[in-house]
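Notes follow once the structure below has been shown.
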Amino acid sequence: MVDDLAPPLSAGPGNIFRPAIGPLLRLVSSALGADATLLVVQRDCPRILAARTVALAMGSSLPAALAATLPAASAGGGAVAPAQPGVAGVHILDPPLVVGPDCFSSVLTSAFTWGGKPGFLLALRSTPRPWSAQHLADLADLADLAPAALEHDHEADFVTHASRLVTLSPDGILVHLDGVIVLANPAAARLTGAASEQALVGRPLRQLLAPPYLKSVGASITAPTAEAPAPMVLERLTRLDGGLIDVEVAELPYLFHDEPAVLLVIRDVTQRLAAEAATRRSEAQVRLLVEKLPAVAWATDAELGVVTMFGARRTAPGPLAEAPVGRHVAALLGDAIDAGLSAHRHALAGSPATFDVCWSGHTFGARVEPLVAPTGEVTGTLGIAVDLTERLQAEAQERELHVLSGLARLAGGVAHEMNNVLGAIMGYAASVEGEPLSVAVRQRIQRITDAARRGSGLTRRLLGFAREGLYERTRFPINDLVETIADRLRRETPPGIVIRVRTSQAAPWAEGDAAQLREALHALCTNGVESMPHGGTLTLTVSVGSPSGGSEGEVAIEVRDTGVGMDEQLAHDALEPFFTTKPLGAGDGLGLPMAYGIVARHGGRLTLESAPGHGTIARVSLPTVAPPPTLAPPSRSVPAPRVVTRRVLIVDDDEWVRESSSALLEASGYEVVTAANGPAGLEIFQAAPESFAFVLLDMRMPGMDGAEVLRRMVAIDPDARVVLCSGYTREQIGPGLFSLGRVGFLEKPFDLSQLREQIRAVEKDG
């Protein structure tokens, strides 16, 4: 490659153009772009007079591929036909022209005249970017500005062309002598707000620009022929109307009427600086956004060296905090170096790839894309890694809850079937109590009844673990719930256990099944008490938005004990169903899993914090709700006296329960009618509701459950007497059903005395 101009030509007609070629080529280069290579060719014999950024010898013949783009040569020799100055054309070189390391594919050509001597201006380009119509127009316009040769008889032409160049320049041009403006072009007048360029002549330059830059001219003022480009310096220009604009100023030594002067080239950069500032703000906003996101982004070059990286480094400080910029990407990959390097190599080959990487305990999902230049070449890679830790933990928790729910359904099914079996055993045993039996037989029957009751305790625990829905959803105050549990604990706990309560002044409310939550919290408290065999303190704390577990919109209930504590593995296993540290027969391992399931179904979280010798904190977090509005109690009319009857309807899907219950009631003098499901029982009841003393109704049946049957029966007969039967406790199925009318309750399995007590309760007038 050569400098702006080739070395001076040997003697010949072409050397008269040499002094004027430099400014012209610089002007053409600025108009066509930095990737344009320029040639000046004489017309009568296509030899190269001057060149810019191409390795062609001056004075040599123009390559044939380029000569063919000029106006057609005459048949007789190398002379070319006349061409119209100022008209440009585009030509595609096929095959491309190779000159040294360069390969040119297209050429832009324009003819012009220099001081009466014809020539051509050629602009070559190697990139696939096409020439635009504006390029053609610019080259044609610039060709018209070609200066005359510097012979004495053409100096006037040269001055004319130079004046036109200054006049047409989009940059402001000022010349000053000792700080006083002596020459200005129209662009300078527009820039400064002057009425004309003449309005600037005679003004002190300091009115427009601050004076310190003048010192930089120095000794170079005496060397007006120097060709070194002047640097552009950012300055603030004061317009004549007082406004300020940002400009770039280049200063050059200049001879004005043979006196040393300074030429200033002034370029308005206000819009450019505003665009750059907007870009910086946008980049800062993007960087800030990425920094806030749980993600890390980086870019590498083609050798996989990290050139930039930004993102949420605080979430995973390890390798990210070591600032691997400038190092190989392997320094960023940690334990995932094999998969990470493979993904980056795939990206360099043009295909995106993914891998997982762990940084300081956080799991990130990473994707690497090829970084493609406008030419289509892959120049590096772009990677982004998103923190998946919370999502993976949530998925694991969801899977755990799904497994727990499956176990709960299994346990619930087993418990209900066992309840029916145990109920049948107790019913059949009770039905023979009135018969003449020996003492030994009665003792055996009593042992059967005791064993059934013992089995019912286990089924009750299984049902508590298996609850999937809420029978009753109400709003209740958390402080009252915790106080109730504390009162119960004070009655149940042995001496040496101190129960403390710290309620919240905010008086938070929650929504759900208060009985279920009370049982879940009681199970947590019972575990805490059992972990303090030698005494200690159990503290129940209610807080809203507390740093220890609650957030705005949440209430945290902490159960803290001073017991033996647990290690990390034991705290994890404690939530597993049927896991227990108690001796065989001393515990079923359903307390914590039951509490976990109840809290989860209320939209909350249960977490354990423990360490050996430092006790345990069980924390329940629940969403808070507003207190319910106060409503006046509904008025109830006094029912009319019912006809006395000894007829009973039993609705239960289990045949053994129907038979055993029928035997108990018939032994007590009742006439029994049975139904195997809800719709059948409703049909019998609707035919003659007043003929039944009461209905014995199972709560859990396929299709239509007991709650729906009860509501429909009350709709048929508001004074219906119904005794509900369930494996759940009265509190667990909720108070809402018992407010519907004369409703009693029997917890399965039940004996004859319990049945008679409920019969008396529902048959009593009131």
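A note on labels: chains of the structure tokens are A, B, ... as shown, every chain counts residues from 1, and ligands are counted from 1 in their shown order.
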With only C-alpha atoms as the counted atoms, please give the residues lying no more than 12 Å from Val98 (chain A), apart from itself and same-chain residues fewer than 6 positions off, as a JSON list (two decimals) with C-alpha atoms, in the first residue's frame.
[["chain", "number", "residue", "atom", "x", "y", "z"],
["A", 54, "VAL", "CA", -3.48, 0.66, -3.54],
["A", 55, "ALA", "CA", -0.17, -0.99, -4.50],
["A", 56, "LEU", "CA", 0.11, 0.18, -8.13],
["A", 63, "PRO", "CA", -4.69, -2.98, -15.61],
["A", 64, "ALA", "CA", -6.73, -4.33, -18.51],
["A", 65, "ALA", "CA", -9.72, -5.14, -16.26],
["A", 66, "LEU", "CA", -9.93, -1.47, -15.25],
["A", 104, "PHE", "CA", -11.54, -5.64, -6.15],
["A", 105, "SER", "CA", -15.03, -6.55, -7.36],
["A", 106, "SER", "CA", -16.60, -3.26, -8.49],
["A", 124, "LEU", "CA", -12.57, 0.65, -6.47],
["A", 125, "ARG", "CA", -14.19, -1.39, -3.70],
["A", 126, "SER", "CA", -13.54, -4.96, -2.54]]
Residue neighbourhood Ser342 (chain A), 10 Å, only C-alpha atoms, exclusion window fewer than 4 positions, as an MDAnalysis selection string:
chainID A and resid 336:338 346:348 353:355
What lies within 12 Å of Gln198 (chain A) using only C-alpha atoms, ignoring chain neighbours under 2 positions off, as a list in words?
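The residues satisfying every condition are Leu174, Ile181, Val182, Leu183, Ala184, Asn185, Pro186, Ala188, Ala189, Arg190, Ala194, Ala195, Ser196, Leu200, Val201, Gly202 and Arg203 of chain A.
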Would you write out those residues with C-alpha atoms, as a PDB file, in the first residue's frame?
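As a result, selection_21.pdb now contains:
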ATOM      1  CA  LEU A 174     -12.166  29.958   9.145  1.00  0.00           C
ATOM      2  CA  ILE A 181     -10.962  36.236  11.291  1.00  0.00           C
ATOM      3  CA  VAL A 182      -9.879  37.142   7.739  1.00  0.00           C
ATOM      4  CA  LEU A 183     -11.707  34.422   5.740  1.00  0.00           C
ATOM      5  CA  ALA A 184     -14.866  32.319   6.235  1.00  0.00           C
ATOM      6  CA  ASN A 185     -16.985  29.982   4.138  1.00  0.00           C
ATOM      7  CA  PRO A 186     -20.814  29.724   4.071  1.00  0.00           C
ATOM      8  CA  ALA A 188     -18.972  28.684   9.030  1.00  0.00           C
ATOM      9  CA  ALA A 189     -21.579  31.434   8.736  1.00  0.00           C
ATOM     10  CA  ARG A 190     -24.425  28.924   9.175  1.00  0.00           C
ATOM     11  CA  ALA A 194     -23.888  34.941  11.012  1.00  0.00           C
ATOM     12  CA  ALA A 195     -25.906  36.576   8.239  1.00  0.00           C
ATOM     13  CA  SER A 196     -23.117  35.830   5.759  1.00  0.00           C
ATOM     14  CA  LEU A 200     -17.526  37.071  10.312  1.00  0.00           C
ATOM     15  CA  VAL A 201     -14.518  38.836   8.761  1.00  0.00           C
ATOM     16  CA  GLY A 202     -12.846  41.186  11.223  1.00  0.00           C
ATOM     17  CA  ARG A 203     -14.368  39.548  14.339  1.00  0.00           C
TER      18      ARG A 203
END
Excluding same-chain residues fewer than 4 positions from region 699-704 of chain A, what lies within 7 Å of it counting only C-alpha atoms, as a ChimeraX atom specification?
/A:653,677-678,708-709,724-726
Quote the spacing between CA of Gly326 (chain A) and CA of Pro294 (chain A) in Å to one decimal place.
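Pair CA of Gly326 (chain A) / CA of Pro294 (chain A) returns 23.4 Å.
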Would you compute the distance between CA of Leu752 (chain A) and CA of Ala430 (chain A)? Give it in Å to one decimal.
6.1 Å
Using only C-alpha atoms, determine which residues lie at most 9 Å from Glu558 (chain A), disregarding the query and same-chain residues fewer than 5 positions distant; provide the list as a PyMOL selection string.
chain A and resi 539-543+549+617-621
Residues from the last selection, N, CA and C atoms, saved as an mmCIF file, in the first residue's frame:
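Contents of out-v6.cif, as written:
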data_model
loop_
_atom_site.group_PDB
_atom_site.id
_atom_site.type_symbol
_atom_site.label_atom_id
_atom_site.label_comp_id
_atom_site.auth_asym_id
_atom_site.auth_seq_id
_atom_site.Cartn_x
_atom_site.Cartn_y
_atom_site.Cartn_z
ATOM 1 N N THR A 539 -41.574 -21.522 72.362
ATOM 2 C CA THR A 539 -42.029 -20.151 72.086
ATOM 3 C C THR A 539 -42.768 -20.113 70.759
ATOM 4 N N LEU A 540 -44.003 -19.592 70.809
ATOM 5 C CA LEU A 540 -44.796 -19.383 69.597
ATOM 6 C C LEU A 540 -44.803 -17.889 69.302
ATOM 7 N N THR A 541 -44.344 -17.514 68.087
ATOM 8 C CA THR A 541 -44.222 -16.107 67.710
ATOM 9 C C THR A 541 -44.996 -15.851 66.421
ATOM 10 N N VAL A 542 -45.790 -14.785 66.438
ATOM 11 C CA VAL A 542 -46.525 -14.355 65.240
ATOM 12 C C VAL A 542 -45.939 -13.024 64.780
ATOM 13 N N SER A 543 -45.550 -12.933 63.500
ATOM 14 C CA SER A 543 -44.975 -11.688 62.976
ATOM 15 C C SER A 543 -45.444 -11.488 61.546
ATOM 16 N N GLY A 549 -38.626 -14.499 58.192
ATOM 17 C CA GLY A 549 -39.375 -15.432 57.361
ATOM 18 C C GLY A 549 -40.573 -14.824 56.683
ATOM 19 N N ILE A 617 -36.349 -24.483 64.917
ATOM 20 C CA ILE A 617 -37.354 -23.474 64.587
ATOM 21 C C ILE A 617 -38.174 -24.020 63.421
ATOM 22 N N ALA A 618 -39.459 -24.255 63.661
ATOM 23 C CA ALA A 618 -40.394 -24.607 62.589
ATOM 24 C C ALA A 618 -41.160 -23.341 62.227
ATOM 25 N N ARG A 619 -41.032 -22.917 60.971
ATOM 26 C CA ARG A 619 -41.627 -21.652 60.554
ATOM 27 C C ARG A 619 -42.704 -21.901 59.503
ATOM 28 N N VAL A 620 -43.904 -21.431 59.799
ATOM 29 C CA VAL A 620 -45.036 -21.529 58.868
ATOM 30 C C VAL A 620 -45.329 -20.129 58.333
ATOM 31 N N SER A 621 -45.269 -19.959 57.019
ATOM 32 C CA SER A 621 -45.579 -18.676 56.380
ATOM 33 C C SER A 621 -46.876 -18.825 55.599
#
Write out as a ChimeraX atom specification which residues come within 6 Å of Asp561 (chain A) when counting only C-alpha atoms, dropping same-chain ones fewer than 6 positions away.
/A:528,537-538,615-616
For the atom pair CA of Ser61 (chain A) and CA of Arg47 (chain A), what is the interatomic distance in Å to one decimal place?
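Pair CA of Ser61 (chain A) / CA of Arg47 (chain A) returns 4.4 Å.
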Between A:Phe685, A:Val41, A:Ala761, A:Ala515, single out the one closest to Tyr728 (chain A), counting only C-alpha atoms.
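Under the stated criterion, the closest residue is A:Ala515.
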Please provide the set of residues having any atom within 7 Å of Pro170 (chain A), restricted to only C-alpha atoms, with same-chain residues fewer than 2 positions apart removed, written as a ChimeraX atom specification.
/A:168,172,187
According to DSSP computed on the backbone, where in region 597-742 of chain A is there strand (DSSP E)? Give the residues as number ranges by chain.
A: 605-610, 616-623, 647-651, 671-675, 694-698, 721-726, 742
Measuring between only C-alpha atoms, which one of A:Leu740, A:Val249, A:Val432, A:Ala140 shows the shortest distance to Ala715 (chain A)?
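When distances to Ala715 (chain A) are compared using only C-alpha atoms, the smallest one comes from A:Leu740.
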